[in-house]
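Novice: One file: coords.cif (mmCIF, C-alpha atoms).
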data_protein
loop_
_atom_site.label_atom_id
_atom_site.label_comp_id
_atom_site.auth_asym_id
_atom_site.auth_seq_id
_atom_site.Cartn_x
_atom_site.Cartn_y
_atom_site.Cartn_z
CA MET G 28 -1.75 19.62 4.30
CA THR G 29 -4.73 18.80 6.54
CA ALA G 30 -6.96 21.52 5.09
CA ASP G 31 -5.82 20.62 1.60
CA THR G 32 -6.64 16.95 2.25
CA SER G 33 -10.13 17.77 3.53
CA MET G 34 -10.75 19.69 0.33
CA ALA G 35 -9.28 16.88 -1.75
CA ARG G 36 -11.63 14.37 -0.05
CA THR G 37 -14.52 16.11 -1.75
CA MET G 38 -12.65 15.68 -5.03
CA ILE G 39 -12.52 11.88 -5.10
CA ASP G 40 -13.04 10.61 -8.66
CA GLU G 41 -12.12 14.06 -10.05
CA LEU G 42 -9.38 14.49 -12.64
CA VAL G 43 -6.73 16.93 -11.42
CA VAL G 44 -3.32 18.31 -12.33
CA ILE G 45 -0.82 18.51 -9.51
CA GLU G 46 2.73 19.82 -9.38
CA GLY G 47 5.25 18.73 -6.79
CA ARG G 48 8.67 17.43 -5.89
CA VAL G 49 9.37 13.73 -6.36
CA LYS G 50 9.89 12.28 -2.87
CA SER G 51 10.39 8.74 -4.19
CA ILE G 52 9.83 6.82 -7.40
CA ASN G 53 9.40 3.05 -7.66
CA LYS G 54 9.83 1.53 -11.09
CA ASP G 55 9.56 -2.12 -12.07
CA SER G 56 9.05 -3.90 -15.36
CA ASN G 57 5.31 -3.27 -15.53
CA SER G 58 4.52 -0.36 -13.24
CA THR G 59 5.68 2.98 -11.90
CA THR G 60 4.56 4.69 -8.70
CA VAL G 61 5.58 8.26 -7.90
CA GLU G 62 5.37 9.80 -4.42
CA LEU G 63 5.21 13.60 -4.37
CA GLY G 64 5.96 15.59 -1.24
CA ASP G 65 8.55 17.03 1.07
CA THR G 66 11.08 14.62 2.58
CA SER G 67 10.73 16.40 5.93
CA SER G 68 7.03 15.47 6.17
CA MET G 69 5.23 12.11 6.28
CA SER G 70 2.37 13.52 4.20
CA SER G 71 2.48 12.84 0.48
CA ILE G 72 0.62 12.28 -2.78
CA ILE G 73 0.93 8.80 -4.30
CA CYS G 74 0.52 8.60 -8.07
CA GLN G 75 0.06 5.21 -9.75
CA ILE G 76 1.21 5.81 -13.31
CA ASP G 77 -0.97 4.64 -16.19
CA THR G 78 0.94 1.76 -17.80
CA ARG G 79 0.48 3.41 -21.21
CA HIS G 80 2.51 6.41 -20.02
CA GLN G 81 5.27 4.62 -18.08
CA ASP G 82 7.96 5.55 -20.58
CA ASP G 83 7.38 9.24 -19.85
CA PHE G 84 8.77 8.61 -16.35
CA LYS G 85 11.93 6.72 -17.25
CA ASP G 86 14.09 9.86 -16.84
CA ILE G 87 12.24 11.23 -13.80
CA ASN G 88 14.23 11.01 -10.58
CA GLN G 89 13.96 11.90 -6.91
CA ASP G 90 13.90 15.66 -6.08
CA GLN G 91 12.74 16.66 -9.56
CA THR G 92 9.63 18.81 -9.80
CA VAL G 93 6.96 17.29 -12.03
CA SER G 94 3.44 18.15 -13.14
CA ILE G 95 1.19 15.07 -13.10
CA LYS G 96 -2.44 14.65 -14.07
CA GLY G 97 -4.63 11.84 -12.79
CA LYS G 98 -7.77 10.79 -10.95
CA ILE G 99 -8.04 11.16 -7.16
CA THR G 100 -8.97 7.81 -5.62
CA SER G 101 -8.41 8.35 -1.91
CA CYS G 102 -7.65 10.97 0.75
CA ASN G 103 -6.59 9.76 4.15
CA ILE G 104 -5.74 11.81 7.21
CA ASP G 105 -3.86 9.38 9.40
CA THR G 106 -3.96 10.06 13.11
CA ASP G 107 -3.29 6.51 14.34
CA LEU G 108 -0.20 5.21 12.56
CA GLY G 109 1.80 8.41 12.12
CA LEU G 110 1.93 8.07 8.35
CA GLY G 111 0.71 11.62 7.72
CA SER G 112 -1.97 12.66 5.27
CA THR G 113 -2.07 10.82 1.98
CA ILE G 114 -3.78 11.56 -1.31
CA GLN G 115 -3.81 8.75 -3.86
CA MET G 116 -4.20 9.13 -7.61
CA ASN G 117 -4.65 6.59 -10.42
CA PHE G 118 -4.30 6.68 -14.21
CA CYS G 119 -1.53 9.25 -13.87
CA SER G 120 0.56 10.73 -16.66
CA ILE G 121 2.88 13.68 -17.15
CA ASN G 122 0.94 16.89 -17.72
CA LYS G 123 2.42 18.17 -20.94
CA HIS G 124 0.18 21.24 -21.17
CA LYS G 125 1.58 23.50 -18.47
CA MET I 272 33.51 10.37 31.89
CA LYS I 273 32.83 6.61 31.81
CA SER I 274 29.11 7.20 32.18
CA ILE I 275 29.12 9.62 29.22
CA VAL I 276 30.91 7.07 27.01
CA PHE I 277 28.51 4.35 28.20
CA SER I 278 25.50 6.58 27.40
CA ILE I 279 26.83 7.29 23.91
CA LEU I 280 27.38 3.56 23.29
CA VAL I 281 23.86 2.70 24.50
CA PHE I 282 22.37 5.44 22.35
CA ALA I 283 24.36 4.26 19.32
CA SER I 284 23.28 0.65 19.81
CA LEU I 285 19.62 1.66 20.16
CA ASN I 286 19.86 3.46 16.84
CA SER I 287 21.79 0.72 15.07
CA TYR I 288 18.53 -0.48 13.51
CA ALA I 289 15.19 1.20 13.19
CA GLN I 290 12.18 0.16 15.20
CA LYS I 291 9.45 1.15 12.78
CA PHE I 292 9.35 0.52 9.05
CA MET I 293 6.77 1.77 6.59
CA THR I 294 5.74 2.25 3.01
CA LYS I 295 2.94 4.06 1.23
CA THR I 296 3.64 2.34 -2.07
CA GLY I 297 3.14 -1.29 -1.11
CA SER I 298 1.70 -3.75 -3.59
CA VAL I 299 -1.53 -5.61 -2.81
CA ALA I 300 -2.90 -7.72 -5.65
CA PHE I 301 -5.83 -10.07 -5.88
CA SER I 302 -7.04 -12.70 -8.27
CA ALA I 303 -10.61 -13.96 -8.54
CA SER I 304 -9.93 -15.58 -11.89
CA THR I 305 -11.68 -18.65 -13.23
CA PRO I 306 -10.97 -20.67 -16.39
CA ILE I 307 -13.63 -18.49 -18.08
CA GLU I 308 -12.45 -15.01 -17.04
CA LYS I 309 -9.21 -13.40 -15.87
CA ILE I 310 -10.08 -11.12 -12.95
CA GLU I 311 -7.05 -9.47 -11.41
CA GLY I 312 -6.51 -6.13 -9.71
CA ILE I 313 -3.45 -4.50 -8.24
CA ASN I 314 -2.95 -1.60 -5.85
CA LYS I 315 0.54 -0.15 -5.61
CA SER I 316 -0.32 2.62 -3.17
CA SER I 317 -1.02 0.53 -0.09
CA ALA I 318 0.22 1.75 3.27
CA CYS I 319 2.01 -0.62 5.62
CA LEU I 320 3.56 -0.03 9.04
CA LEU I 321 5.66 -2.60 10.87
CA ASP I 322 6.99 -2.20 14.40
CA SER I 323 9.94 -4.55 14.71
CA LYS I 324 10.03 -4.23 18.51
CA THR I 325 6.40 -5.15 19.20
CA GLY I 326 5.67 -7.10 16.01
CA SER I 327 2.57 -5.04 15.25
CA LEU I 328 1.67 -4.91 11.57
CA ASP I 329 -0.85 -2.59 9.92
CA PHE I 330 -2.07 -2.30 6.35
CA ILE I 331 -4.44 0.28 4.86
CA VAL I 332 -5.62 -0.30 1.30
CA SER I 333 -7.80 2.11 -0.66
CA ILE I 334 -10.33 0.14 -2.72
CA LYS I 335 -10.63 2.75 -5.46
CA SER I 336 -6.88 2.61 -6.02
CA PHE I 337 -7.03 -0.92 -7.47
CA VAL I 338 -6.17 -0.98 -11.15
CA PHE I 339 -7.48 -3.52 -13.66
CA GLU I 340 -6.66 -4.33 -17.26
CA LYS I 341 -10.23 -3.60 -18.28
CA GLN I 342 -11.87 -0.32 -17.26
CA LEU I 343 -15.34 -1.90 -17.18
CA MET I 344 -14.13 -4.57 -14.76
CA GLN I 345 -12.79 -1.83 -12.49
CA GLU I 346 -16.19 -0.11 -12.50
CA HIS I 347 -18.00 -3.34 -11.66
CA PHE I 348 -15.48 -4.07 -8.89
CA ASN I 349 -16.06 -0.67 -7.27
CA GLU I 350 -19.79 -0.25 -7.85
CA ASN I 351 -21.29 -3.75 -7.79
CA TYR I 352 -19.05 -5.82 -5.53
CA MET I 353 -16.89 -3.72 -3.18
CA GLU I 354 -19.28 -0.73 -2.95
CA SER I 355 -16.20 1.47 -2.62
CA ASP I 356 -18.15 4.72 -2.11
CA LYS I 357 -19.49 3.17 1.10
CA PHE I 358 -16.54 0.97 2.11
CA GLN I 359 -13.57 3.04 0.99
CA LYS I 360 -10.78 1.10 2.65
CA SER I 361 -9.70 -2.38 3.61
CA SER I 362 -7.35 -2.83 6.50
CA PHE I 363 -5.38 -5.39 8.41
CA LYS I 364 -4.31 -4.96 12.01
CA GLY I 365 -2.24 -7.78 13.40
CA THR I 366 0.90 -9.11 15.00
CA ILE I 367 3.88 -11.21 13.98
CA LEU I 368 3.57 -14.30 16.18
CA ASN I 369 7.15 -15.56 15.85
CA LEU I 370 8.86 -12.16 16.26
CA SER I 371 11.75 -13.61 18.26
CA SER I 372 12.86 -15.72 15.28
CA ILE I 373 13.26 -12.66 13.01
CA ASN I 374 16.45 -10.63 13.29
CA PHE I 375 15.69 -7.26 11.70
CA SER I 376 19.32 -6.19 12.02
CA LYS I 377 20.67 -9.16 10.03
CA ASP I 378 20.14 -9.66 6.31
CA GLY I 379 18.34 -12.89 5.52
CA GLU I 380 15.03 -14.54 4.68
CA TYR I 381 12.74 -15.28 7.59
CA ASN I 382 9.39 -17.08 7.80
CA ALA I 383 6.73 -15.02 9.52
CA GLU I 384 3.47 -16.15 11.07
CA VAL I 385 0.95 -13.35 11.28
CA ALA I 386 -2.47 -13.19 12.91
CA GLY I 387 -4.91 -10.33 13.12
CA LYS I 388 -8.12 -8.74 11.96
CA LEU I 389 -8.79 -8.27 8.26
CA THR I 390 -11.52 -5.82 7.28
CA ILE I 391 -12.98 -5.97 3.77
CA HIS I 392 -16.31 -4.56 2.61
CA GLY I 393 -17.07 -3.42 6.17
CA VAL I 394 -16.74 -6.94 7.59
CA THR I 395 -13.94 -7.80 10.03
CA LYS I 396 -12.66 -11.36 10.40
CA ASP I 397 -9.78 -12.95 12.30
CA ILE I 398 -7.20 -14.39 9.95
CA LYS I 399 -3.89 -16.18 10.29
CA SER I 400 -1.34 -16.40 7.53
CA VAL I 401 2.29 -17.17 6.84
CA GLY I 402 4.68 -15.13 4.76
CA LYS I 403 8.28 -14.15 4.35
CA ILE I 404 10.25 -11.19 5.61
CA ILE I 405 13.38 -10.68 3.54
CA ILE I 406 15.88 -8.31 5.13
CA LYS I 407 18.32 -6.73 2.72
CA ASN I 408 20.57 -3.81 3.66
CA GLY I 409 18.48 -3.38 6.78
CA LYS I 410 15.20 -2.97 4.85
CA PRO I 411 12.41 -5.54 5.25
CA ASN I 412 10.51 -6.80 2.23
CA LEU I 413 7.19 -8.39 3.27
CA LYS I 414 5.76 -11.11 1.05
CA SER I 415 2.65 -13.14 1.65
CA SER I 416 -0.10 -14.88 -0.21
CA PHE I 417 -3.38 -16.07 1.24
CA SER I 418 -6.98 -16.68 0.26
CA VAL I 419 -10.30 -15.33 1.49
CA LEU I 420 -13.86 -16.37 0.72
CA LEU I 421 -16.02 -13.60 -0.77
CA ALA I 422 -19.02 -14.90 1.18
CA ASP I 423 -17.16 -14.34 4.48
CA TYR I 424 -17.03 -10.61 3.68
CA LYS I 425 -20.61 -10.39 2.41
CA ILE I 426 -19.57 -9.77 -1.19
CA ASP I 427 -22.40 -11.13 -3.29
CA ILE I 428 -21.89 -12.57 -6.76
CA PRO I 429 -24.99 -12.41 -8.97
CA GLY I 430 -26.09 -15.75 -10.41
CA ALA I 431 -25.51 -14.60 -13.99
CA VAL I 432 -21.73 -14.26 -13.44
CA LYS I 433 -21.12 -16.81 -10.68
CA ASP I 434 -19.14 -19.10 -13.01
CA LYS I 435 -16.88 -16.24 -14.07
CA ILE I 436 -15.79 -15.09 -10.60
CA SER I 437 -13.96 -17.31 -8.15
CA LYS I 438 -15.56 -17.54 -4.72
CA ASP I 439 -12.09 -17.99 -3.29
CA VAL I 440 -9.95 -14.89 -3.84
CA LYS I 441 -6.15 -15.06 -3.69
CA ILE I 442 -4.48 -11.99 -2.18
CA THR I 443 -0.77 -11.35 -2.73
CA ILE I 444 1.23 -8.85 -0.69
CA ASN I 445 4.63 -7.43 -1.61
CA CYS I 446 5.80 -4.44 0.43
CA MET I 447 9.33 -3.03 0.47
CA LEU I 448 9.57 -1.08 3.71
CA GLU I 449 11.82 1.83 4.67
CA ALA I 450 12.92 2.88 8.12
CA MET I 451 10.49 5.42 9.53
CA LYS I 452 12.25 8.73 10.17
#
Could I get this file's structure written as structure tokens?
Specialist:
Amino acid sequence: MTADTSMARTMIDELVVIEGRVKSINKDSNSTTVELGDTSSMSSIICQIDTRHQDDFKDINQDQTVSIKGKITSCNIDTDLGLGSTIQMNFCSINKHK
Amino acid sequence: MKSIVFSILVFASLNSYAQKFMTKTGSVAFSASTPIEKIEGINKSSACLLDSKTGSLDFIVSIKSFVFEKQLMQEHFNENYMESDKFQKSSFKGTILNLSSINFSKDGEYNAEVAGKLTIHGVTKDIKSVGKIIIKNGKPNLKSSFSVLLADYKIDIPGAVKDKISKDVKITINCMLEAMK
């Protein structure tokens, strides 16, 4: 994950497609946030879902594998807090063109 | 034999509630709205770590991860005001002052007084704020709302838009934490 994160850091503001297992999904009335990653690791990819595409995630649940496209906004290698490496993405939607 | 049973009981009690709680999907929102313009952004990928034994509290917020209703407003926020290529993150590093009055192993709503260092736009200031910690099923939900002055963090507002942007920005925190495994 560390090498991948270093590479991803150079990709901030780039649009990417990423496939992974849903570690957690938080849904409320006006937003959805999906965390991709392995439950055995602290490292993960956080995807803030574009509000226009929220409905596409209503049937997505934990442990499912999904393909998501979005814009990379941050890459953080945490060495202080023990939160693992984190890549953040915005404007995310389901990638329907696999 | 007694010592083995005692050790098991001590171990069980130590693990009856977690020491550290965290999230990477915390909500940090701000409003710099005026009667002329609605200016609100929200970041739902904020990291938060709480140590219930020491009371230490950390937040890391990526500036580029704030989302706005209007795309142009988001660009102005990143490029003109927060300079997010240069100052990529905001952070808070602090402590819960009244830790002894919060029982993390008992469901309930507790008032929390927090003090620490808030870094925005590369400027670090001491702040003190109050909030709530709501414990439900052993999971803490942190809620707080406080204001900061843009001038304190060297965020300049051009004269042409000074009536549209509040100098006093309200920040609202809402983080549902999970036990750290």
Novice: Tell me the residues of chain G close to chain I, meaning within 9 Å using all atoms listed in the file, as a list in words.
Specialist: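 The selection requested is Asp40, Asn53, Ser58, Thr59, Thr60, Val61, Glu62, Ser67, Met69, Ser71, Ile73, Cys74, Gln75, Ile99, Thr100, Ser101, Cys102, Leu108, Leu110, Thr113, Gln115, Met116, Asn117 and Phe118 of chain G.
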Novice: Quick one, how far is CA of Lys377 in chain I from CA of Ser415 in chain I?
Specialist: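 Spanning CA of Lys377 in chain I to CA of Ser415 in chain I is a straight-line distance of 20.3 Å.
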Novice: CA of Gly47 in chain G to CA of Gly109 in chain G: how many Å, to one decimal?
Specialist: 21.8 Å
Novice: Between I:Ser361, I:Gln342, I:Ser327, I:Ser372, which one has atoms that come closest to Val385 in chain I, using all atoms listed in the file?
Specialist: I:Ser327
Novice: Quick one, how far is CA of Phe84 in chain G from CA of Gln345 in chain I?
Specialist: 24.3 Å
Novice: If we count only C-alpha atoms, what is near Phe417 in chain I at a cut-off of 8 Å, once residues fewer than 6 positions away on the same chain are taken out, given as a list in words?
Specialist: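 Listing them by chain and then by number gives Ser400, Lys441, Ile442 and Thr443 of chain I.
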